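J.: Coordinates in data33.txt, compact mmCIF, C-alpha atoms, are listed below.
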```txt
# COMPACT_ATOMS: atom_id res chain seq x y z
CA MET Q 1 0.00 0.00 0.00
CA ALA Q 2 1.64 3.25 -1.14
CA GLY Q 3 1.91 5.85 1.58
CA SER Q 4 0.87 3.38 4.26
CA VAL Q 5 2.12 3.08 7.81
CA ARG Q 6 2.44 -0.03 9.96
CA VAL Q 7 0.56 0.12 13.23
CA THR Q 8 0.84 -2.37 16.03
CA MET Q 9 -1.33 -2.25 19.12
CA THR Q 10 -2.76 -4.60 21.69
CA VAL Q 11 -6.52 -4.88 21.24
CA ASN Q 12 -8.50 -6.75 23.85
CA GLY Q 13 -5.34 -8.48 25.00
CA ALA Q 14 -4.11 -9.61 21.55
CA GLN Q 15 -1.37 -7.91 19.58
CA GLN Q 16 -2.60 -6.66 16.20
CA SER Q 17 -0.53 -5.25 13.33
CA ALA Q 18 -1.57 -3.91 9.95
CA GLU Q 19 -0.53 -1.58 7.15
CA VAL Q 20 -3.00 1.31 7.08
CA GLU Q 21 -3.47 4.66 5.40
CA PRO Q 22 -2.03 7.40 7.63
CA ARG Q 23 -5.45 9.11 7.76
CA LEU Q 24 -7.39 6.02 8.88
CA LEU Q 25 -9.34 6.70 12.07
CA LEU Q 26 -9.02 4.27 14.97
CA VAL Q 27 -12.76 3.52 14.84
CA HIS Q 28 -12.43 2.39 11.21
CA PHE Q 29 -9.30 0.36 12.01
CA LEU Q 30 -11.21 -1.47 14.73
CA ARG Q 31 -14.34 -2.03 12.64
CA GLU Q 32 -12.98 -2.60 9.14
CA THR Q 33 -9.46 -3.94 9.64
CA LEU Q 34 -10.03 -6.00 12.77
CA GLY Q 35 -13.76 -6.75 12.35
CA LEU Q 36 -14.64 -5.49 15.85
CA THR Q 37 -17.98 -3.95 14.96
CA GLY Q 38 -19.21 -3.39 18.51
CA THR Q 39 -17.58 0.05 18.42
CA HIS Q 40 -20.10 2.15 16.50
CA VAL Q 41 -19.76 5.17 14.24
CA GLY Q 42 -22.52 7.58 15.17
CA CYS Q 43 -21.56 11.09 14.22
CA ASP Q 44 -17.89 11.32 13.11
CA THR Q 45 -17.65 14.54 15.10
CA SER Q 46 -17.04 13.22 18.65
CA ASN Q 47 -20.43 14.41 19.86
CA CYS Q 48 -22.27 11.14 20.41
CA GLY Q 49 -19.77 8.80 22.12
CA ALA Q 50 -20.92 5.66 20.25
CA CYS Q 51 -17.27 5.07 19.30
CA THR Q 52 -15.92 5.16 22.87
CA VAL Q 53 -13.11 2.69 23.60
CA HIS Q 54 -10.33 2.57 26.20
CA LEU Q 55 -6.87 3.70 25.14
CA ASN Q 56 -4.22 2.83 27.72
CA GLY Q 57 -6.95 2.57 30.35
CA GLU Q 58 -8.83 5.80 29.59
CA ALA Q 59 -12.06 6.31 27.67
CA ILE Q 60 -11.57 8.09 24.36
CA LYS Q 61 -13.72 8.67 21.30
CA SER Q 62 -12.10 6.58 18.60
CA CYS Q 63 -13.49 8.78 15.80
CA THR Q 64 -11.11 11.54 16.93
CA LEU Q 65 -7.87 9.54 16.88
CA LEU Q 66 -5.91 8.21 13.94
CA ALA Q 67 -4.97 4.54 14.08
CA ALA Q 68 -1.35 5.64 13.65
CA GLN Q 69 -1.64 7.72 16.83
CA ALA Q 70 -2.62 4.54 18.71
CA ASP Q 71 0.51 2.70 17.57
CA GLY Q 72 1.95 0.88 20.57
CA ALA Q 73 -1.16 1.45 22.68
CA GLU Q 74 -3.40 -0.89 24.65
CA ILE Q 75 -6.98 -0.72 23.33
CA LYS Q 76 -10.07 -2.26 24.90
CA THR Q 77 -13.35 -2.37 22.99
CA ILE Q 78 -16.79 -3.58 24.06
CA GLU Q 79 -15.82 -7.03 22.76
CA GLY Q 80 -13.11 -7.15 25.42
CA MET Q 81 -15.40 -6.37 28.34
CA GLY Q 82 -17.05 -9.69 29.05
CA GLN Q 83 -15.87 -13.24 28.62
CA GLU Q 84 -17.29 -16.08 26.59
CA GLY Q 85 -20.53 -17.02 28.32
CA ALA Q 86 -20.26 -14.31 31.00
CA LEU Q 87 -21.27 -10.68 30.71
CA HIS Q 88 -19.26 -7.92 32.38
CA PRO Q 89 -21.10 -6.57 35.46
CA LEU Q 90 -21.92 -3.36 33.54
CA GLN Q 91 -23.37 -5.35 30.64
CA GLU Q 92 -25.41 -7.40 33.11
CA ALA Q 93 -26.66 -4.26 34.86
CA PHE Q 94 -27.66 -2.60 31.56
CA TRP Q 95 -29.64 -5.75 30.75
CA GLU Q 96 -31.28 -6.06 34.18
CA HIS Q 97 -32.14 -2.35 34.53
CA HIS Q 98 -33.29 -1.79 30.94
CA GLY Q 99 -30.44 0.63 30.23
CA LEU Q 100 -30.77 0.04 26.51
CA GLN Q 101 -33.43 0.16 23.87
CA CYS Q 102 -32.17 0.16 20.30
CA GLY Q 103 -28.65 -0.61 21.58
CA TYR Q 104 -26.72 1.66 19.23
CA CYS Q 105 -25.25 3.83 21.99
CA THR Q 106 -24.84 0.96 24.46
CA PRO Q 107 -21.23 -0.04 23.69
CA GLY Q 108 -20.06 3.56 24.10
CA MET Q 109 -22.15 4.02 27.24
CA ILE Q 110 -20.69 0.87 28.77
CA MET Q 111 -17.12 1.85 27.90
CA ALA Q 112 -17.58 5.35 29.34
CA SER Q 113 -19.24 3.87 32.43
CA ALA Q 114 -16.39 1.39 32.92
CA ASP Q 115 -13.94 4.29 32.79
CA LEU Q 116 -15.98 6.13 35.43
CA LEU Q 117 -16.13 3.10 37.74
CA GLU Q 118 -12.40 2.58 37.40
CA ARG Q 119 -11.79 6.14 38.60
CA ASN Q 120 -14.75 6.36 41.01
CA PRO Q 121 -16.01 2.95 42.20
CA LYS Q 122 -19.03 4.40 44.06
CA PRO Q 123 -20.40 7.31 42.02
CA ASN Q 124 -23.64 9.05 42.89
CA GLU Q 125 -26.31 9.88 40.30
CA GLU Q 126 -24.89 13.32 39.54
CA GLU Q 127 -21.39 11.90 38.98
CA VAL Q 128 -22.75 9.24 36.63
CA ARG Q 129 -24.70 11.82 34.64
CA GLU Q 130 -21.64 14.06 34.41
CA ALA Q 131 -19.39 11.19 33.29
CA LEU Q 132 -21.86 10.20 30.57
CA ALA Q 133 -22.51 13.75 29.35
CA GLY Q 134 -20.39 13.07 26.26
CA ASN Q 135 -22.48 10.07 25.25
CA LEU Q 136 -25.83 10.55 23.58
CA CYS Q 137 -28.85 8.26 23.65
CA ARG Q 138 -31.89 9.07 21.57
CA CYS Q 139 -34.11 6.34 23.04
CA THR Q 140 -33.90 5.93 26.81
CA GLY Q 141 -33.91 9.32 28.47
CA TYR Q 142 -30.86 8.18 30.50
CA HIS Q 143 -32.75 7.29 33.71
CA ASN Q 144 -32.28 3.53 33.32
CA ILE Q 145 -28.71 3.96 32.09
CA VAL Q 146 -27.86 5.83 35.29
CA LYS Q 147 -29.64 3.17 37.37
CA ALA Q 148 -27.63 0.48 35.59
CA VAL Q 149 -24.29 2.16 36.27
CA ILE Q 150 -25.11 2.65 39.94
CA ALA Q 151 -26.28 -0.99 40.19
CA ALA Q 152 -23.04 -2.17 38.58
CA SER Q 153 -21.03 -0.08 41.04
CA GLU Q 154 -22.73 -1.92 43.89
CA THR Q 155 -21.73 -5.33 42.50
CA THR Q 156 -18.16 -4.57 41.40
CA ALA Q 157 -16.70 -2.90 44.46
```
Go ahead and express the file in the form of structure tokens.

T.:
Amino acid sequence: MAGSVRVTMTVNGAQQSAEVEPRLLLVHFLRETLGLTGTHVGCDTSNCGACTVHLNGEAIKSCTLLAAQADGAEIKTIEGMGQEGALHPLQEAFWEHHGLQCGYCTPGMIMASADLLERNPKPNEEEVREALAGNLCRCTGYHNIVKAVIAASETTA
């Protein structure tokens, strides 16, 4: 590939390498190159948060970062949250507390929530709402999403 760059990163615990165009966004690398389609493209402007993943342990919007900028990084996507046959406690809480409807925003909401719980294991409602302010949901009205995050915090600490 002319004008390509080699990127190598650890994604969900596995090292991944590929030749990519220098302008390829991380979200497209994850979805198109690696086939990890749980990370969604919602707006391409960083407003919706559907593309949220963890980069070196922090939530970022993968539509704002080039794959080349993530070279050498540790990436976790929604596919890396649970294990085969076992949901992550946040995924379980979203299911139990009806924190999803159409599901399009859910991966980004879960990734942003996991980042919050890593930094603040026992958030209150206001802290959850503030942490999720960069993630949009057009279906739920957020009430059940907030309930799910608080419920997950009670089971993971």

J.: With all atoms listed in the file as the counted atoms, please give the residues lying no more than 6 Å from Met9 (chain Q), apart from itself and same-chain residues fewer than 5 positions off, as a ChimeraX atom specification.

T.: /Q:15-16,71-73

J.: Between CA of Ala50 (chain Q) and CA of Pro107 (chain Q), what distance in Å does the model show, to one decimal?

T.: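 Atom-to-atom, CA of Ala50 (chain Q) to CA of Pro107 (chain Q), that is 6.7 Å.
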
J.: May I ask for the distance between CA of Gly49 (chain Q) and CA of Val5 (chain Q), given in Å to one decimal place?

T.: 26.8 Å

J.: Which residues come within 7 Å of region 142-147 of chain Q, counting only C-alpha atoms, excluding same-chain residues fewer than 4 positions away, as a ChimeraX atom specification?

T.: /Q:94,97-99,125,128-129,151

J.: Please, what distance in Å, to one decimal, runs between CA of Pro89 (chain Q) and CA of Leu26 (chain Q)?

T.: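 It comes out at 26.1 Å.
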
J.: Could you tell me which of Q:Val20, Q:Leu100, Q:Leu90, Q:Ala59 comes closest to Ile75 (chain Q) if we count only C-alpha atoms?

T.: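 Of all the options, Q:Ala59 lies closest to Ile75 (chain Q).
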
J.: So which residues are close to (-26.2, 3.2, 23.1), meaning at most 9 Å away in the file's coordinates with all atoms listed in the file counted, and can you show them as a PDB file with C-alpha atoms, in the coordinates of the input?

T.:
```
ATOM      1  CA  GLY Q  49     -19.770   8.800  22.120  1.00  0.00           C
ATOM      2  CA  ALA Q  50     -20.920   5.660  20.250  1.00  0.00           C
ATOM      3  CA  GLY Q  99     -30.440   0.630  30.230  1.00  0.00           C
ATOM      4  CA  LEU Q 100     -30.770   0.040  26.510  1.00  0.00           C
ATOM      5  CA  GLN Q 101     -33.430   0.160  23.870  1.00  0.00           C
ATOM      6  CA  CYS Q 102     -32.170   0.160  20.300  1.00  0.00           C
ATOM      7  CA  GLY Q 103     -28.650  -0.610  21.580  1.00  0.00           C
ATOM      8  CA  TYR Q 104     -26.720   1.660  19.230  1.00  0.00           C
ATOM      9  CA  CYS Q 105     -25.250   3.830  21.990  1.00  0.00           C
ATOM     10  CA  THR Q 106     -24.840   0.960  24.460  1.00  0.00           C
ATOM     11  CA  PRO Q 107     -21.230  -0.040  23.690  1.00  0.00           C
ATOM     12  CA  GLY Q 108     -20.060   3.560  24.100  1.00  0.00           C
ATOM     13  CA  MET Q 109     -22.150   4.020  27.240  1.00  0.00           C
ATOM     14  CA  ILE Q 110     -20.690   0.870  28.770  1.00  0.00           C
ATOM     15  CA  ASN Q 135     -22.480  10.070  25.250  1.00  0.00           C
ATOM     16  CA  LEU Q 136     -25.830  10.550  23.580  1.00  0.00           C
ATOM     17  CA  CYS Q 137     -28.850   8.260  23.650  1.00  0.00           C
ATOM     18  CA  ARG Q 138     -31.890   9.070  21.570  1.00  0.00           C
ATOM     19  CA  CYS Q 139     -34.110   6.340  23.040  1.00  0.00           C
ATOM     20  CA  THR Q 140     -33.900   5.930  26.810  1.00  0.00           C
TER      21      THR Q 140
END
```

J.: If we count all atoms listed in the file, what is near Pro123 (chain Q) at a cut-off of 10 Å, once residues fewer than 4 positions away on the same chain are taken out, given as a PyMOL selection string?

T.: chain Q and resi 116-117+119+127-129+131+149-150+153-154

J.: Could you write those residues out with C-alpha atoms, as a PDB file, in the frame of the given file?

T.:
```pdb
ATOM      1  CA  LEU Q 116     -15.980   6.130  35.430  1.00  0.00           C
ATOM      2  CA  LEU Q 117     -16.130   3.100  37.740  1.00  0.00           C
ATOM      3  CA  ARG Q 119     -11.790   6.140  38.600  1.00  0.00           C
ATOM      4  CA  GLU Q 127     -21.390  11.900  38.980  1.00  0.00           C
ATOM      5  CA  VAL Q 128     -22.750   9.240  36.630  1.00  0.00           C
ATOM      6  CA  ARG Q 129     -24.700  11.820  34.640  1.00  0.00           C
ATOM      7  CA  ALA Q 131     -19.390  11.190  33.290  1.00  0.00           C
ATOM      8  CA  VAL Q 149     -24.290   2.160  36.270  1.00  0.00           C
ATOM      9  CA  ILE Q 150     -25.110   2.650  39.940  1.00  0.00           C
ATOM     10  CA  SER Q 153     -21.030  -0.080  41.040  1.00  0.00           C
ATOM     11  CA  GLU Q 154     -22.730  -1.920  43.890  1.00  0.00           C
TER      12      GLU Q 154
END
```

J.: Name the closest residue to Gly38 (chain Q) among the candidates Q:Gly80, Q:Gly141, Q:Pro121, Q:Gly13; distances are taken between atoms, counting all atoms listed in the file.

T.: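 The answer is Q:Gly80, which sits nearest to Gly38 (chain Q).
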
J.: Quick one: everything within 10 Å of Leu55 (chain Q), counting all atoms listed in the file, minus sequence neighbours fewer than 5 positions away in the same chain. Send it as a list in words.

T.: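 My reading of the contact set: Thr10, Val11, Ile60, Lys61, Ser62, Ala70, Ala73, Glu74, Ile75, Lys76 and Thr77 of chain Q.
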
J.: Given only C-alpha atoms as the basis, pick out the residue of Q:Met111, Q:Glu19, Q:Ala68, Q:Ala14 nearest to Thr39 (chain Q).

T.: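 With only C-alpha atoms as the atom set, the closest residue is Q:Met111.
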
J.: Between Q:Val41, Q:Ala133, Q:Cys51, Q:Ala67, single out the one closest to Ala18 (chain Q), counting all atoms listed in the file.

T.: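 Result for the nearest residue to Ala18 (chain Q): Q:Ala67.
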
J.: Hey, which of Q:Thr52, Q:Ser4, Q:Asn47, Q:Gln83 ends up closest to Val27 (chain Q)? Count all atoms listed in the file.

T.: Q:Thr52
